[in-house]
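One file, final.cif, is given below (mmCIF, C-alpha atoms).
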```cif
data_input
#
loop_
_atom_site.label_atom_id
_atom_site.label_comp_id
_atom_site.auth_asym_id
_atom_site.auth_seq_id
_atom_site.Cartn_x
_atom_site.Cartn_y
_atom_site.Cartn_z
CA MET A 1 26.61 -11.13 -9.05
CA ALA A 2 28.98 -8.19 -8.69
CA ASP A 3 29.47 -6.94 -5.17
CA ASP A 4 27.77 -3.61 -5.96
CA THR A 5 24.77 -5.14 -7.77
CA PRO A 6 21.58 -4.91 -5.71
CA LEU A 7 19.88 -8.17 -4.87
CA LEU A 8 16.50 -6.94 -6.10
CA GLU A 9 15.56 -3.72 -7.89
CA ILE A 10 11.92 -2.71 -8.25
CA ASP A 11 11.95 -0.18 -11.08
CA ASP A 12 8.79 1.92 -11.62
CA LEU A 13 6.71 -1.23 -11.23
CA GLU A 14 3.06 -1.18 -12.32
CA LYS A 15 0.33 -3.75 -12.00
CA HIS A 16 -3.03 -2.70 -13.39
CA PHE A 17 -6.12 -4.85 -13.78
CA GLU A 18 -8.98 -4.29 -16.19
CA GLN A 19 -12.38 -4.02 -14.57
CA SER A 20 -14.95 -6.48 -15.90
CA THR A 21 -17.12 -5.08 -18.68
CA ASN A 22 -20.79 -5.72 -19.32
CA ILE A 23 -22.68 -6.18 -22.60
CA LEU A 24 -23.50 -2.46 -22.84
CA ASP A 25 -19.81 -1.55 -22.50
CA LEU A 26 -18.98 -3.98 -25.31
CA LEU A 27 -21.74 -2.64 -27.59
CA LEU A 28 -20.64 0.96 -27.01
CA ARG A 29 -16.97 -0.05 -27.34
CA ARG A 30 -16.06 1.58 -24.05
CA GLU A 31 -12.54 1.18 -22.85
CA PRO A 32 -12.48 -0.95 -19.67
CA SER A 33 -11.62 0.88 -16.46
CA LYS A 34 -8.16 0.30 -14.99
CA ILE A 35 -7.65 -0.82 -11.41
CA GLN A 36 -4.26 0.74 -10.58
CA ALA A 37 -3.23 -1.61 -7.78
CA VAL A 38 0.51 -0.90 -8.07
CA ASP A 39 1.39 2.29 -9.90
CA GLY A 40 5.03 3.28 -10.28
CA VAL A 41 6.70 1.68 -7.26
CA SER A 42 10.50 1.80 -7.04
CA PHE A 43 12.94 0.70 -4.36
CA THR A 44 16.05 -1.43 -3.99
CA LEU A 45 16.70 -4.42 -1.75
CA GLU A 46 20.37 -4.97 -0.95
CA THR A 47 22.00 -8.13 0.38
CA ASN A 48 21.25 -8.63 4.11
CA ASP A 49 18.66 -5.85 3.94
CA SER A 50 15.21 -5.71 5.51
CA ILE A 51 12.63 -3.34 4.05
CA ALA A 52 9.01 -2.81 5.08
CA VAL A 53 6.09 -1.76 2.89
CA ILE A 54 3.35 -0.31 5.09
CA GLY A 55 -0.17 0.86 4.36
CA GLU A 56 -3.88 0.30 4.94
CA SER A 57 -5.80 -2.58 3.41
CA GLY A 58 -6.38 -1.85 -0.26
CA CYS A 59 -3.22 0.18 -0.82
CA GLY A 60 -1.64 -2.46 -3.09
CA LYS A 61 0.86 -4.13 -0.75
CA THR A 62 -0.21 -7.72 -1.37
CA THR A 63 -0.55 -7.14 -5.13
CA LEU A 64 3.03 -5.85 -5.05
CA LEU A 65 4.18 -9.03 -3.31
CA LEU A 66 2.27 -11.33 -5.69
CA THR A 67 3.78 -9.47 -8.65
CA LEU A 68 7.27 -9.85 -7.20
CA ILE A 69 6.88 -13.63 -7.00
CA GLY A 70 5.53 -13.83 -10.55
CA LEU A 71 1.90 -14.68 -9.79
CA HIS A 72 0.81 -11.49 -11.58
CA ASP A 73 2.16 -10.34 -14.93
CA ILE A 74 3.87 -6.95 -14.88
CA THR A 75 1.94 -4.11 -16.53
CA GLY A 76 4.82 -1.65 -16.61
CA GLY A 77 8.32 -1.17 -15.25
CA ASP A 78 10.38 -4.17 -14.26
CA VAL A 79 11.88 -6.24 -11.44
CA VAL A 80 15.61 -6.91 -11.66
CA TYR A 81 17.04 -9.87 -9.75
CA LYS A 82 20.85 -9.94 -9.36
CA GLY A 83 21.18 -7.79 -12.47
CA THR A 84 18.76 -9.76 -14.68
CA PRO A 85 15.37 -8.18 -15.51
CA MET A 86 12.36 -10.40 -14.83
CA SER A 87 11.13 -9.52 -18.32
CA ASP A 88 14.18 -11.39 -19.71
CA PHE A 89 13.80 -14.52 -17.54
CA ASP A 90 13.87 -17.88 -19.27
CA ASP A 91 12.69 -21.13 -17.66
CA ALA A 92 16.02 -21.67 -15.88
CA ASP A 93 15.96 -18.12 -14.51
CA TRP A 94 12.42 -18.59 -13.18
CA LYS A 95 13.39 -21.85 -11.48
CA GLU A 96 16.37 -20.20 -9.79
CA TYR A 97 14.29 -17.16 -8.82
CA ARG A 98 11.48 -19.21 -7.30
CA SER A 99 13.98 -21.24 -5.33
CA ASN A 100 15.72 -18.14 -4.01
CA VAL A 101 12.63 -15.98 -3.36
CA GLN A 102 10.27 -17.53 -0.80
CA VAL A 103 7.00 -16.31 0.69
CA ILE A 104 5.48 -16.35 4.18
CA PHE A 105 1.76 -15.85 3.71
CA GLN A 106 -0.54 -13.98 6.06
CA ASP A 107 -2.90 -16.81 7.02
CA PRO A 108 -1.16 -19.84 8.58
CA PHE A 109 -4.55 -21.54 8.95
CA ASN A 110 -4.98 -21.79 5.18
CA SER A 111 -1.44 -21.66 3.80
CA LEU A 112 -0.63 -25.16 5.08
CA ASP A 113 -2.15 -28.23 3.42
CA PRO A 114 -4.38 -29.79 6.11
CA LYS A 115 -3.66 -33.29 4.74
CA MET A 116 0.13 -32.99 4.97
CA THR A 117 2.21 -33.53 8.07
CA VAL A 118 4.78 -30.95 9.15
CA GLU A 119 7.53 -33.15 7.72
CA GLU A 120 5.75 -33.46 4.37
CA SER A 121 5.11 -29.71 4.18
CA LEU A 122 8.78 -28.91 4.82
CA LYS A 123 10.07 -31.55 2.40
CA GLU A 124 7.76 -30.51 -0.44
CA PRO A 125 9.86 -27.51 -1.64
CA LEU A 126 13.02 -29.62 -1.32
CA LYS A 127 11.50 -32.24 -3.63
CA ILE A 128 10.31 -29.63 -6.14
CA HIS A 129 13.78 -28.09 -6.40
CA ASP A 130 15.61 -31.45 -6.14
CA VAL A 131 17.56 -30.55 -3.01
CA GLY A 132 19.29 -33.30 -1.02
CA ASN A 133 19.92 -33.77 2.73
CA ARG A 134 16.18 -33.43 3.28
CA ASP A 135 15.95 -35.06 6.70
CA GLU A 136 18.86 -32.99 7.99
CA ARG A 137 17.42 -29.74 6.62
CA VAL A 138 13.97 -30.41 8.06
CA TYR A 139 15.33 -31.19 11.54
CA GLN A 140 17.53 -28.10 11.46
CA VAL A 141 14.79 -25.73 10.37
CA LEU A 142 12.41 -27.05 13.04
CA GLU A 143 15.10 -26.33 15.63
CA ASP A 144 15.59 -22.87 14.15
CA VAL A 145 11.89 -21.95 14.28
CA GLU A 146 11.79 -23.14 17.90
CA LEU A 147 9.61 -26.22 17.39
CA ARG A 148 11.54 -28.45 19.76
CA PRO A 149 12.19 -31.25 19.91
CA PRO A 150 11.59 -31.73 16.16
CA GLU A 151 10.47 -35.35 16.67
CA GLN A 152 7.35 -34.12 18.46
CA TYR A 153 6.25 -32.07 15.45
CA LEU A 154 7.28 -34.08 12.37
CA HIS A 155 4.14 -36.17 12.14
CA ARG A 156 1.59 -33.61 13.29
CA LYS A 157 -0.92 -32.14 10.90
CA PRO A 158 -2.03 -28.47 11.01
CA MET A 159 -5.16 -29.33 13.01
CA ASN A 160 -2.87 -30.44 15.85
CA LEU A 161 -0.93 -27.15 15.93
CA SER A 162 -1.68 -23.79 17.53
CA GLY A 163 -1.80 -20.64 15.39
CA GLY A 164 1.73 -19.67 16.44
CA GLU A 165 3.04 -23.18 15.69
CA LYS A 166 1.39 -23.13 12.26
CA GLN A 167 3.10 -19.85 11.41
CA ARG A 168 6.44 -21.19 12.63
CA VAL A 169 6.02 -24.13 10.25
CA ALA A 170 5.19 -21.68 7.44
CA ILE A 171 8.34 -19.69 8.28
CA GLY A 172 10.35 -22.93 8.32
CA ARG A 173 8.95 -23.89 4.91
CA ALA A 174 10.14 -20.55 3.51
CA LEU A 175 13.62 -20.95 5.04
CA VAL A 176 14.24 -24.62 4.26
CA LEU A 177 15.58 -23.80 0.77
CA GLU A 178 17.96 -21.22 2.31
CA PRO A 179 16.67 -18.44 -0.01
CA ASP A 180 18.21 -15.05 -0.75
CA ILE A 181 14.94 -13.21 -0.22
CA ILE A 182 11.94 -13.69 2.07
CA LEU A 183 8.68 -11.95 1.14
CA ALA A 184 6.58 -11.78 4.31
CA ASP A 185 2.92 -10.84 3.84
CA GLU A 186 1.67 -9.66 7.25
CA PRO A 187 3.13 -12.79 8.88
CA VAL A 188 1.84 -12.06 12.40
CA SER A 189 -1.46 -10.25 11.74
CA MET A 190 -3.55 -13.37 12.49
CA LEU A 191 -1.69 -14.24 15.69
CA ASP A 192 -2.63 -13.04 19.15
CA VAL A 193 -0.62 -10.14 20.53
CA SER A 194 1.24 -12.30 23.06
CA THR A 195 2.62 -14.41 20.19
CA GLN A 196 3.36 -11.63 17.69
CA ALA A 197 6.43 -10.18 19.40
CA SER A 198 8.12 -13.55 19.92
CA VAL A 199 7.52 -14.59 16.29
CA LEU A 200 8.83 -11.27 14.97
CA ARG A 201 11.97 -11.43 17.11
CA MET A 202 12.56 -15.00 15.97
CA LEU A 203 12.04 -14.03 12.33
CA LYS A 204 14.53 -11.17 12.63
CA ASP A 205 17.14 -13.50 14.13
CA LEU A 206 16.49 -16.12 11.45
CA ILE A 207 16.97 -13.81 8.47
CA ASP A 208 20.28 -12.81 10.04
CA ASP A 209 21.26 -16.45 10.65
CA TYR A 210 20.24 -17.52 7.14
CA ASP A 211 21.91 -14.48 5.55
CA ALA A 212 18.62 -13.59 3.81
CA SER A 213 17.02 -10.28 2.87
CA MET A 214 13.37 -9.48 3.53
CA ILE A 215 10.50 -7.42 2.21
CA TYR A 216 8.02 -7.19 5.06
CA ILE A 217 4.44 -6.28 4.16
CA SER A 218 2.14 -4.98 6.90
CA HIS A 219 -0.65 -2.56 7.78
CA ASP A 220 0.63 -2.34 11.36
CA LEU A 221 3.39 0.23 11.76
CA SER A 222 3.93 -0.80 15.38
CA THR A 223 5.50 -4.12 14.31
CA VAL A 224 7.96 -2.62 11.84
CA SER A 225 10.70 -1.68 14.31
CA TYR A 226 11.11 -5.37 15.22
CA ILE A 227 12.03 -6.41 11.73
CA SER A 228 12.92 -3.70 9.20
CA GLU A 229 15.61 -1.07 8.85
CA THR A 230 13.77 0.95 6.18
CA VAL A 231 10.08 1.74 5.70
CA ASN A 232 8.23 2.47 2.46
CA VAL A 233 4.80 3.95 3.19
CA MET A 234 2.34 3.01 0.42
CA TYR A 235 -0.99 4.62 -0.43
CA LEU A 236 -3.23 3.64 -3.35
CA GLY A 237 -0.47 1.99 -5.34
CA ARG A 238 2.29 4.55 -4.78
CA ILE A 239 5.13 5.00 -2.30
CA VAL A 240 4.52 8.32 -0.52
CA GLU A 241 7.41 8.25 1.96
CA SER A 242 10.60 6.24 2.37
CA ALA A 243 13.15 6.55 5.17
CA PRO A 244 14.90 4.58 7.91
CA THR A 245 12.35 3.09 10.29
CA GLU A 246 13.22 5.09 13.39
CA TRP A 247 13.11 8.37 11.49
CA ILE A 248 9.56 7.82 10.30
CA LEU A 249 8.40 6.59 13.70
CA ASP A 250 9.94 9.62 15.42
CA ASP A 251 9.07 12.37 12.92
CA PRO A 252 6.96 11.34 9.91
CA LYS A 253 6.78 13.92 7.12
CA HIS A 254 3.94 12.87 4.82
CA PRO A 255 0.45 13.56 6.28
CA TYR A 256 -0.53 9.93 5.67
CA SER A 257 2.53 8.67 7.54
CA GLU A 258 1.73 11.09 10.37
CA ALA A 259 -1.76 9.61 10.65
CA LEU A 260 -0.41 6.04 10.69
CA VAL A 261 2.13 6.84 13.40
CA SER A 262 -0.44 8.72 15.51
CA ALA A 263 -2.72 5.66 15.36
CA ILE A 264 -0.13 3.33 16.93
CA PRO A 265 -1.58 2.19 20.28
CA ILE A 266 0.16 3.44 23.42
CA PRO A 267 -0.16 1.05 26.40
CA ASP A 268 -1.03 3.81 28.85
CA PRO A 269 -4.70 4.73 29.38
CA HIS A 270 -3.68 8.07 30.90
CA HIS A 271 -1.46 9.15 27.99
CA ASP A 272 -2.90 12.26 26.36
CA ARG A 273 -2.33 12.87 22.67
CA ALA A 274 -4.09 14.49 19.74
CA ARG A 275 -6.71 12.42 17.93
CA THR A 276 -5.71 11.09 14.51
CA GLU A 277 -6.75 13.62 11.86
CA MET A 278 -7.59 11.11 9.12
CA SER A 279 -11.10 10.04 8.28
CA GLY A 280 -12.67 7.80 5.67
CA ALA A 281 -10.96 5.01 3.76
CA PRO A 282 -8.90 4.79 0.57
CA ARG A 283 -11.13 5.06 -2.46
CA ASP A 284 -11.32 2.29 -5.05
CA PRO A 285 -8.12 2.34 -7.15
CA ILE A 286 -10.07 2.69 -10.43
CA ASP A 287 -9.02 5.25 -13.07
CA LEU A 288 -7.36 7.39 -10.43
CA GLY A 289 -5.80 9.87 -12.82
CA GLU A 290 -3.39 12.59 -11.80
CA GLY A 291 -2.90 14.24 -8.44
CA CYS A 292 -1.96 13.34 -4.90
CA ARG A 293 -4.05 10.29 -4.09
CA PHE A 294 -4.34 11.23 -0.43
CA ARG A 295 -5.81 14.67 -1.09
CA ASP A 296 -9.41 13.68 -0.35
CA ARG A 297 -8.44 12.64 3.21
CA CYS A 298 -5.48 14.92 3.86
CA PRO A 299 -5.69 17.40 6.77
CA LYS A 300 -3.07 19.60 5.04
CA VAL A 301 -4.40 19.91 1.47
CA ILE A 302 -3.04 23.14 -0.05
CA PRO A 303 -5.58 25.82 -1.10
CA PRO A 304 -4.80 28.13 -4.05
CA ASP A 305 -2.63 31.16 -3.33
CA GLY A 306 -4.60 34.12 -2.05
CA ILE A 307 -7.63 32.17 -0.82
CA ASP A 308 -8.35 32.23 2.90
CA VAL A 309 -10.41 29.17 3.77
CA ASP A 310 -10.72 26.86 6.76
CA GLN A 311 -9.10 23.47 6.11
CA GLU A 312 -12.22 21.44 6.95
CA ALA A 313 -14.39 23.61 4.73
CA TYR A 314 -11.86 23.39 1.92
CA ARG A 315 -11.73 19.60 2.17
CA GLU A 316 -15.52 19.51 1.86
CA VAL A 317 -15.31 21.56 -1.34
CA MET A 318 -12.64 19.20 -2.68
CA ALA A 319 -14.71 16.11 -1.84
CA PHE A 320 -17.83 17.59 -3.43
CA ARG A 321 -15.94 18.60 -6.57
CA GLU A 322 -14.45 15.16 -6.92
CA ALA A 323 -17.85 13.47 -6.56
CA LEU A 324 -19.26 15.94 -9.07
CA GLU A 325 -16.52 15.35 -11.64
CA ARG A 326 -16.79 11.58 -11.23
CA ASP A 327 -20.57 11.80 -11.73
CA ASP A 328 -20.97 10.28 -8.29
CA LEU A 329 -23.54 12.59 -6.69
CA PRO A 330 -26.77 10.84 -5.53
CA LEU A 331 -28.93 13.56 -7.05
CA GLU A 332 -31.97 11.41 -7.79
CA ARG A 333 -32.10 10.15 -4.23
CA ILE A 334 -31.74 13.66 -2.78
CA ARG A 335 -34.50 15.05 -5.02
CA LYS A 336 -36.89 12.22 -4.18
CA GLU A 337 -36.56 13.00 -0.47
CA LEU A 338 -37.89 16.57 -0.97
CA ASP A 339 -41.49 17.48 -0.16
CA ASP A 340 -41.59 19.26 -3.51
CA PRO A 341 -39.12 17.63 -5.96
CA GLY A 342 -39.59 20.54 -8.35
CA ASP A 343 -38.39 23.18 -5.85
CA GLN A 344 -34.90 24.04 -7.19
CA GLU A 345 -34.00 26.22 -4.22
CA ALA A 346 -34.85 23.42 -1.78
CA PHE A 347 -32.95 20.97 -3.99
CA ALA A 348 -29.79 23.11 -3.84
CA ALA A 349 -30.18 23.45 -0.06
CA ALA A 350 -30.55 19.67 0.32
CA ILE A 351 -27.38 19.07 -1.69
CA ARG A 352 -25.59 21.55 0.58
CA GLY A 353 -26.86 19.72 3.65
CA GLU A 354 -25.56 16.45 2.25
CA TYR A 355 -22.01 17.65 1.54
CA PHE A 356 -21.26 20.81 3.51
CA SER A 357 -21.14 21.53 7.23
CA GLY A 358 -18.30 24.05 7.50
CA GLU A 359 -18.86 27.80 7.40
CA MET A 360 -17.59 29.81 4.43
CA THR A 361 -17.81 33.55 3.79
CA GLY A 362 -17.25 36.05 1.01
CA GLU A 363 -16.32 34.90 -2.48
CA ASN A 364 -15.82 31.33 -1.28
CA ALA A 365 -19.44 31.08 -0.09
CA THR A 366 -20.73 32.87 -3.21
CA THR A 367 -18.91 30.42 -5.50
CA VAL A 368 -20.21 27.34 -3.66
CA ASP A 369 -23.79 28.71 -3.65
CA ALA A 370 -23.62 29.39 -7.38
CA ALA A 371 -22.22 25.90 -8.06
CA LEU A 372 -25.02 24.31 -6.05
CA ASP A 373 -27.56 26.28 -8.09
CA ASP A 374 -25.87 24.99 -11.27
CA VAL A 375 -26.17 21.42 -10.01
CA ALA A 376 -29.82 21.90 -9.08
CA ASP A 377 -30.45 23.25 -12.60
CA GLY A 378 -28.76 20.19 -14.10
CA ASP A 379 -25.66 22.01 -15.41
CA LEU A 380 -23.01 19.84 -13.78
CA ASP A 381 -20.21 20.95 -16.11
CA ALA A 382 -20.77 24.62 -15.22
CA ALA A 383 -20.71 23.74 -11.51
CA ALA A 384 -17.45 21.81 -11.87
CA ASP A 385 -15.83 24.62 -13.89
CA ARG A 386 -16.92 27.23 -11.35
CA LEU A 387 -15.48 25.29 -8.41
CA ARG A 388 -12.29 24.44 -10.28
CA ASP A 389 -11.65 28.08 -11.22
CA ARG A 390 -11.94 29.17 -7.61
CA PHE A 391 -10.62 26.25 -5.60
CA GLU A 392 -8.21 24.19 -7.73
CA SER A 393 -5.29 22.96 -5.58
CA VAL A 394 -1.71 22.18 -6.44
CA CYS A 395 -2.48 18.82 -4.79
CA GLU A 396 -4.45 17.93 -7.93
CA ASN A 397 -1.10 17.53 -9.68
CA THR A 398 0.89 14.36 -9.08
CA PRO A 399 3.61 15.18 -6.52
CA LEU A 400 7.22 14.41 -7.25
CA SER A 401 9.16 12.23 -4.85
CA VAL A 402 11.82 14.55 -3.46
CA GLU A 403 14.64 14.08 -0.99
CA ALA A 404 13.39 16.13 1.96
CA GLU A 405 16.55 15.14 3.84
CA ALA A 406 19.42 12.79 3.05
CA ASP A 407 17.99 9.27 2.49
CA TRP A 408 14.48 10.56 3.27
CA HIS A 409 12.14 10.71 0.27
CA VAL A 410 8.64 12.19 0.40
CA ALA A 411 6.03 12.52 -2.36
CA CYS A 412 4.14 15.54 -1.07
CA HIS A 413 3.62 19.06 -2.43
CA GLN A 414 4.62 20.58 0.91
CA TYR A 415 8.27 19.71 0.35
CA TYR A 416 9.32 21.61 -2.74
CA ASP A 417 9.08 25.01 -4.40
CA HIS A 418 6.58 24.54 -7.22
CA ASP A 419 7.60 27.61 -9.19
CA ARG A 420 11.25 26.59 -9.15
CA ARG A 421 10.43 22.93 -9.89
CA THR A 422 8.27 23.94 -12.88
CA LYS A 423 11.11 26.04 -14.30
CA GLU A 424 13.60 23.19 -13.81
CA ASP A 425 11.29 20.65 -15.46
CA HIS A 426 10.73 23.05 -18.38
CA ALA A 427 14.48 23.52 -18.78
CA ILE A 428 15.03 19.75 -18.82
CA THR A 429 12.27 19.30 -21.41
CA THR A 430 13.56 22.02 -23.75
CA ASP A 431 17.29 21.26 -23.49
#
```
Please go through the file and, once you have read it, give me the structure as structure tokens.
Amino acid sequence: MADDTPLLEIDDLEKHFEQSTNILDLLLRREPSKIQAVDGVSFTLETNDSIAVIGESGCGKTTLLLTLIGLHDITGGDVVYKGTPMSDFDDADWKEYRSNVQVIFQDPFNSLDPKMTVEESLKEPLKIHDVGNRDERVYQVLEDVELRPPEQYLHRKPMNLSGGEKQRVAIGRALVLEPDIILADEPVSMLDVSTQASVLRMLKDLIDDYDASMIYISHDLSTVSYISETVNVMYLGRIVESAPTEWILDDPKHPYSEALVSAIPIPDPHHDRARTEMSGAPRDPIDLGEGCRFRDRCPKVIPPDGIDVDQEAYREVMAFREALERDDLPLERIRKELDDPGDQEAFAAAIRGEYFSGEMTGENATTVDAALDDVADGDLDAAADRLRDRFESVCENTPLSVEAEADWHVACHQYYDHDRRTKEDHAITTD
């Protein structure tokens, strides 16, 4: 490998799954829905580098990791290892890759074979890859993961180990082949807090000692500073912000990153800070389409030019419109709860009560009232068109990832001039 060749390049990587179809879907020849677990992820891992991928459960982190180790086929894009694309790997390439890319799984209670001793677990990868000096390597790695003296642990089975000891064995198993890359999938999330810090510090020292690089997957931003120099914040399959760790912890730019940082616990019951402005949970990653994927939870969603509307009220309109366009309104249930299911005015009012609490005035209120009347009359398309004409946001377009500052990339509409960007994109297309 040339000195300037990255160790691992993730290039616009996609992993989509097809949702299971039923008999009716087959008869009507409907296209199966796509679960967009990883959707256009790109970053580079250099030699002796440590990168974190952070996000809530369901954002695609673990699917990314399983795709990187070859347990999922790639849907789009590619992974390039030492200059060779994974799509071009032959059997010999895969054997080398799987020897040099090792995984630490999240759950040490299930990732170790309960029937195997510590010695057998550590020797297993050495046997698979036909590596010699097995006794010496096993003793050394047990010393390195601070299971001392090694003789006391060699013949123990997982049931005779604490949670922290199990995870140290799992870390040792990943290191025993002296790999180039460690993929760590939330390696301390199942350990108690008193053990987490010591394991993370040990892991950081070990990847330095073993001259390895790491991709660290976690939902807990508070652990990142122990282990990683760079953070990639992931939301619903996409990277929304990427920067050196301390920069994001000190001054996050994307609204999702801001919410994650504000949720980090502070060990001071008297510390006063603003409450996290993020509610709800990531939606199912099914047929997500275009647009910023955080817009339904974002406290800074951008209204159209010239419209004066409270942010909370605007977010309610956006959420209602999205449910309407996805045919996800519980209209039958709402109508059945009415004293008179045939009363259209009461039906419209009940829908309002279900979805709207904020106050709106003027043309904004008139538009929402008219859309609710359309829904009550059964004309959902007219309601959606009416709301779209009045309230469509730039956030409904997929944001570009721009360099907000040097080495600081953000995929958010707040960080570039849309008129200028549109002109530049048009010039590139027509040149």
Report as JSON lines: every residue of region 42-118 of chain A with an atom at most 6 Å from region 232-250 of chain A, its closest pair of atoms, and their distance in Å to one decimal, counting only C-alpha atoms, with rows sorted by chain and ascending residue number.
```
{"residue": "A:Ala52", "atom": "CA", "partner": "A:Asn232", "partner_atom": "CA", "distance": 5.9}
{"residue": "A:Val53", "atom": "CA", "partner": "A:Asn232", "partner_atom": "CA", "distance": 4.8}
{"residue": "A:Ile54", "atom": "CA", "partner": "A:Val233", "partner_atom": "CA", "distance": 4.9}
{"residue": "A:Gly55", "atom": "CA", "partner": "A:Met234", "partner_atom": "CA", "distance": 5.1}
{"residue": "A:Cys59", "atom": "CA", "partner": "A:Leu236", "partner_atom": "CA", "distance": 4.3}
{"residue": "A:Gly60", "atom": "CA", "partner": "A:Gly237", "partner_atom": "CA", "distance": 5.1}
```
How would you write, as a short mmCIF file (atom, residue, chain, number, x, y, z; two decimals) with C-alpha atoms, in the coordinates of the input, the residues chosen by the PyMOL selection byres ((chain A and resi 16) around 6) on this structure?
```cif
data_model
loop_
_atom_site.label_atom_id
_atom_site.label_comp_id
_atom_site.auth_asym_id
_atom_site.auth_seq_id
_atom_site.Cartn_x
_atom_site.Cartn_y
_atom_site.Cartn_z
CA LYS A 15 0.33 -3.75 -12.00
CA PHE A 17 -6.12 -4.85 -13.78
CA ILE A 35 -7.65 -0.82 -11.41
CA GLN A 36 -4.26 0.74 -10.58
CA ALA A 37 -3.23 -1.61 -7.78
#
```
Could you tell me how far CA of Glu56 (chain A) sits from CA of Val169 (chain A), in Å to one decimal place?
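CA of Val169 (chain A) sits 26.9 Å away from CA of Glu56 (chain A).
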Min atom-atom distance to Leu71 (chain A) from the set A:Ala406, A:Ile266, A:Ile51, A:Val103, counting all atoms listed in the file, belongs to A:Val103
Residues near Ala371 (chain A), anyone? I mean within 7 Å using all atoms listed in the file, not counting same-chain ones fewer than 3 positions away, as a PDB file with C-alpha atoms, keeping the file's coordinate frame.
```
ATOM      1  CA  THR A 367     -18.910  30.420  -5.500  1.00  0.00           C
ATOM      2  CA  VAL A 368     -20.210  27.340  -3.660  1.00  0.00           C
ATOM      3  CA  ASP A 374     -25.870  24.990 -11.270  1.00  0.00           C
ATOM      4  CA  VAL A 375     -26.170  21.420 -10.010  1.00  0.00           C
ATOM      5  CA  ALA A 383     -20.710  23.740 -11.510  1.00  0.00           C
ATOM      6  CA  ARG A 386     -16.920  27.230 -11.350  1.00  0.00           C
ATOM      7  CA  LEU A 387     -15.480  25.290  -8.410  1.00  0.00           C
TER       8      LEU A 387
END
```
Show me, as an mmCIF file with C-alpha atoms, in the frame of the given file, the residues that have an atom within 7 Å of Glu18 (chain A) when counting all atoms listed in the file, minus same-chain residues fewer than 6 positions from it.
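Result file selection-v8.cif:
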```
data_model
loop_
_atom_site.group_PDB
_atom_site.id
_atom_site.type_symbol
_atom_site.label_atom_id
_atom_site.label_comp_id
_atom_site.auth_asym_id
_atom_site.auth_seq_id
_atom_site.Cartn_x
_atom_site.Cartn_y
_atom_site.Cartn_z
ATOM 1 C CA PRO A 32 -12.480 -0.950 -19.670
ATOM 2 C CA SER A 33 -11.620 0.880 -16.460
ATOM 3 C CA LYS A 34 -8.160 0.300 -14.990
ATOM 4 C CA ILE A 35 -7.650 -0.820 -11.410
#
```
Go through A:Val118, A:Ile182, A:Val193, A:Ala212 one by one, measure the shortest atom-to-atom distance of each to Leu161 (chain A) using all atoms listed in the file, and give the residue with the smallest value.
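Of the candidates, the smallest distance to Leu161 (chain A) is held by A:Val118.
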Please evaluate the PyMOL selection byres ((chain A and resi 198) around 12) against the structure above and give the resulting residues as a list in words.
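So the PyMOL selection byres ((chain A and resi 198) around 12) ends up selecting Val145, Glu146, Gly164, Glu165, Gln167, Arg168, Val188, Leu191, Asp192, Val193, Ser194, Thr195, Gln196, Ala197, Val199, Leu200, Arg201, Met202, Leu203, Lys204, Asp205, Thr223, Tyr226 and Ile227 of chain A.
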Interatomic distance, CA of Pro150 (chain A) to CA of Ser50 (chain A) (Å, one decimal)
28.3 Å
To one decimal place, how far is CA of Gly132 (chain A) from CA of Tyr81 (chain A) in Å?
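Result for CA of Gly132 (chain A) versus CA of Tyr81 (chain A): 25.1 Å, one decimal.
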Taking the file as shown, find all residues satisfying the PyMOL selection byres ((chain A and resi 381) around 12) and write them as a PyMOL selection string.
chain A and resi 321+324-327+371-372+374-380+382-388
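Among the candidate residues A:Phe43, A:Glu136, A:Pro179, A:Ser57, the one lying nearest to Ala281 (chain A) is A:Ser57, with distances computed using all atoms listed in the file.
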Which residue, A:Lys300, A:Gly70, A:Arg137, A:Thr63, has the smallest gap to Phe89 (chain A) when you use only C-alpha atoms?
A:Gly70
Considering all atoms listed in the file, state which residue in the set A:Pro303, A:Pro330, A:Met116, A:Val410 is at the smallest distance from Asn364 (chain A).
A:Pro303
Nearest to Gly58 (chain A) among A:Val131, A:Ile286, A:Ala263, A:Ala184, with distances taken over all atoms listed in the file: which residue is it?
A:Ile286
List as a list in words the protein and nucleic acid residues near Thr117 (chain A), meaning an atom at most 9 Å away when only C-alpha atoms are counted, but skip any in the same chain fewer than 3 places from it.
Asp113, Pro114, Glu120, Ser121, Leu122, Tyr153, Leu154, His155, Arg156, Lys157 and Pro158 of chain A
Give me the residues within 7 Å of region 342-351 of chain A as number ranges by chain, counting all atoms listed in the file and dropping any in the same chain fewer than 3 places off.
A: 334-335, 354-355, 372-373, 376
Using the structure block above, produce a file of region 340-351 of chain A that contains C-alpha atoms, as a short mmCIF file (atom, residue, chain, number, x, y, z; two decimals), in the first residue's frame.
```
data_model
loop_
_atom_site.label_atom_id
_atom_site.label_comp_id
_atom_site.auth_asym_id
_atom_site.auth_seq_id
_atom_site.Cartn_x
_atom_site.Cartn_y
_atom_site.Cartn_z
CA ASP A 340 -72.28 12.19 15.22
CA PRO A 341 -69.88 10.58 12.70
CA GLY A 342 -71.65 12.40 9.88
CA ASP A 343 -70.94 15.89 11.28
CA GLN A 344 -68.19 17.16 8.93
CA GLU A 345 -67.53 20.30 10.95
CA ALA A 346 -67.02 18.26 14.14
CA PHE A 347 -64.84 15.82 12.17
CA ALA A 348 -62.56 18.63 10.99
CA ALA A 349 -62.37 20.00 14.55
CA ALA A 350 -61.46 16.55 15.91
CA ILE A 351 -58.65 16.20 13.36
#
```
